[in-house]
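A.B. asks: Encoded as structure tokens, here's the structure I'll be asking about.
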Amino acid sequence: MARSLIIGAGGQLGTVLTQALRDIHGNDQVVRSDMRELDNITGPFEVIDATDADRIAEVVKKYEIEEIYHLAAILSANGEKNPLGTWDINMKTLFNVLEVSRMNGVKKIFYPSSIAVFGSEVNQQNTPQSSFLNPSTVYGISKAAGENWAQYYFQRYGLDVRSLRYPGVIGYQSLPGGGTTDYAVDIYHKAIEGATFSCFLEENTTLPMIYMEDAIRATIELMQAPKENIKTRTSYNLAGMSFSPKEIASSIQKIYPDFEITYEPDFRQQIAASWPQSIDDSRAKGDWGWNPKFNLESMTEDMIKNLKLKYSKAE
Ligand code: SER
């Protein structure tokens, strides 16, 4: 199946997912869309403000879209600056995608959820799939609600919505925007630039993370799995690795011994402290064969190798 529409294709995941899907299905089968024109556009592209349902419907009809990846959202840290506005945008865009899909015969939807759905009620070690959800951020509240709407549309209308609770995603290809886990991307850029990194989390704040290559593969494997294998219709726990700022810094220091990190925790520390430290993703493993490939060491090696290449090309 192809004719995919990526909403939020200019974002951290969208940039890489678009390319991965185009490698599988061909350029013209994957439509990129974002709120604004993007640079270096190849293949089909449309400007879509996902708060505008008519505009989504227009593009869905134009390309006879069969599956939508709805990646547009305001993340955890940015969301706290405008709680009600964040709720409005995160929910309205989801409802638009669900309704347009239902009304226009879109067959499959991908909806990203997050470790931000978990709060103080969970066991922070190996947090189980079925934990009680009391999110601490408006972003987490919107994702917890969104997961349940995903399940509702599946049960009520048979819409094949699939979802992952992503940990923090780390990649060299693109930058995250406005999340609590963003530090773990930024730190590599500072290491390559030879600069000291000032971390907005405390040194021992362990969080679940995943390398981009694994995150993209999980997304594609989930979407390609036979329908009957998808037994969790809210959102699957997904794990890659877990580490603290101190641990990622020492993995970088194995390659750059002079690299330095300082700690200046801000409001994001409190958000991070409310999230799990590690995730039990045994349902994803059992239902559709999930298995991450990267750990902290192999990720650090790959990040540094690829960022060095990128920086040397830009010079
Ligand atoms: N990486 C996201 C954030 O920090 C979590 O989903 O907001």
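Residue numbering restarts at 1 in every chain; chains get A, B, ... in the order shown in the structure tokens, and ligands count up from 1 in that same order.
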May I ask you to write as a count of residues only all residues lying at most 10 Å from ligand 1, with only C-alpha atoms and all ligand atoms counted?
C.D. replies: 41
A.B. asks: What lies within 12 Å of Gly105 of chain A using only C-alpha atoms, ignoring chain neighbours under 5 positions off, as a list in words?
C.D. replies: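 Final neighbour list, sorted by chain and number: Ala57, Val60, Lys61, Glu64, Ile65, Glu66, Glu67, Ile68, Val97, Leu98, Glu99, Val100, Tyr157, Gly158, Leu159 and Asp160 of chain A.
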A.B. asks: With only C-alpha atoms as the basis for distance, which of A:Tyr236, A:Phe118, A:Tyr311, A:Phe132 is at the shortest distance from Ser282 of chain A?
C.D. replies: A:Tyr236
A.B. asks: Run DSSP on the backbone and give me the residues of segment 60-254 of chain A it puts in strand (DSSP E or B), as a PDB file with C-alpha atoms, in the first residue's frame.
C.D. replies:
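And here is the file that came out, part.pdb:
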```pdb
ATOM      1  CA  GLU A  67      -2.653   6.185   4.722  1.00  0.00           C
ATOM      2  CA  ILE A  68      -1.861   9.227   6.872  1.00  0.00           C
ATOM      3  CA  TYR A  69       1.035   9.734   9.288  1.00  0.00           C
ATOM      4  CA  HIS A  70      -0.146  12.519  11.570  1.00  0.00           C
ATOM      5  CA  LYS A 108      -4.704   3.434   7.850  1.00  0.00           C
ATOM      6  CA  ILE A 109      -3.540   6.130  10.227  1.00  0.00           C
ATOM      7  CA  PHE A 110      -0.350   6.443  12.244  1.00  0.00           C
ATOM      8  CA  TYR A 111      -0.681   8.512  15.408  1.00  0.00           C
ATOM      9  CA  PRO A 112       2.400   9.063  17.580  1.00  0.00           C
ATOM     10  CA  SER A 113       1.947   8.958  21.325  1.00  0.00           C
ATOM     11  CA  SER A 114       4.703   9.389  23.909  1.00  0.00           C
ATOM     12  CA  GLY A 119       2.958  10.367  35.390  1.00  0.00           C
ATOM     13  CA  THR A 127       6.867   0.877  33.146  1.00  0.00           C
ATOM     14  CA  PRO A 135       0.296  12.808  32.722  1.00  0.00           C
ATOM     15  CA  ASP A 160      -7.212   1.194  11.335  1.00  0.00           C
ATOM     16  CA  VAL A 161      -5.371   3.636  13.616  1.00  0.00           C
ATOM     17  CA  ARG A 162      -1.993   2.462  14.928  1.00  0.00           C
ATOM     18  CA  SER A 163       0.167   4.157  17.518  1.00  0.00           C
ATOM     19  CA  LEU A 164       3.487   4.057  19.380  1.00  0.00           C
ATOM     20  CA  ARG A 165       4.467   5.678  22.657  1.00  0.00           C
ATOM     21  CA  TYR A 166       7.820   7.018  21.488  1.00  0.00           C
ATOM     22  CA  GLY A 168      12.892  10.594  23.271  1.00  0.00           C
ATOM     23  CA  VAL A 169      14.039  10.300  19.642  1.00  0.00           C
ATOM     24  CA  ILE A 170      17.678  11.005  18.766  1.00  0.00           C
ATOM     25  CA  PHE A 197      27.257  21.678  26.633  1.00  0.00           C
ATOM     26  CA  SER A 198      24.955  23.241  29.197  1.00  0.00           C
ATOM     27  CA  CYS A 199      22.299  20.665  30.094  1.00  0.00           C
ATOM     28  CA  LEU A 207      14.924   8.783  30.556  1.00  0.00           C
ATOM     29  CA  PRO A 208      13.898   6.256  27.895  1.00  0.00           C
ATOM     30  CA  MET A 209      15.318   7.122  24.467  1.00  0.00           C
ATOM     31  CA  ILE A 210      15.526   5.599  21.004  1.00  0.00           C
ATOM     32  CA  TYR A 211      17.817   6.095  18.012  1.00  0.00           C
ATOM     33  CA  TYR A 236       2.193   0.494  22.151  1.00  0.00           C
ATOM     34  CA  ASN A 237       4.966   1.038  24.692  1.00  0.00           C
ATOM     35  CA  MET A 241      17.654   2.389  25.577  1.00  0.00           C
ATOM     36  CA  SER A 242      17.744   4.440  28.782  1.00  0.00           C
ATOM     37  CA  PHE A 243      20.420   6.841  30.003  1.00  0.00           C
TER      38      PHE A 243
END
```
A.B. asks: Using only C-alpha atoms, can you tell me which of A:Gly14, A:Ile56, A:Glu264, A:Asp34 comes closest to Ser101 of chain A?
C.D. replies: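 Of A:Gly14, A:Ile56, A:Glu264, A:Asp34, the one nearest Ser101 of chain A is A:Ile56, counting only C-alpha atoms.
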A.B. asks: Given the choices A:Gly289, A:Gly10, A:Pro128, A:Pro245, which gets closest to Ile41 of chain A if the distance is worked out from only C-alpha atoms?
C.D. replies: A:Gly10
A.B. asks: Calculated over only C-alpha atoms, which of the candidates A:Asn90, A:Ser131, A:Thr219, A:Gln151 has the smallest distance to Ser235 of chain A?
C.D. replies: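 Closest to Ser235 of chain A of all the choices is A:Gln151.
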A.B. asks: Would you list the contacts of Ser174 of chain A as a VMD selection string, taking every protein, DNA or RNA residue within 12 Å and counting only C-alpha atoms, but skipping same-chain residues closer than 4 positions in sequence?
C.D. replies: chain A and resid 9 to 17 169 to 170 182 185 to 186 189 212 303 306 to 307 310
A.B. asks: What does the distance from atom CA of Glu202 of chain A to atom CA of Ile187 of chain A come to in Å, to one decimal?
C.D. replies: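 Atom CA of Ile187 of chain A lies 13.9 Å from atom CA of Glu202 of chain A.
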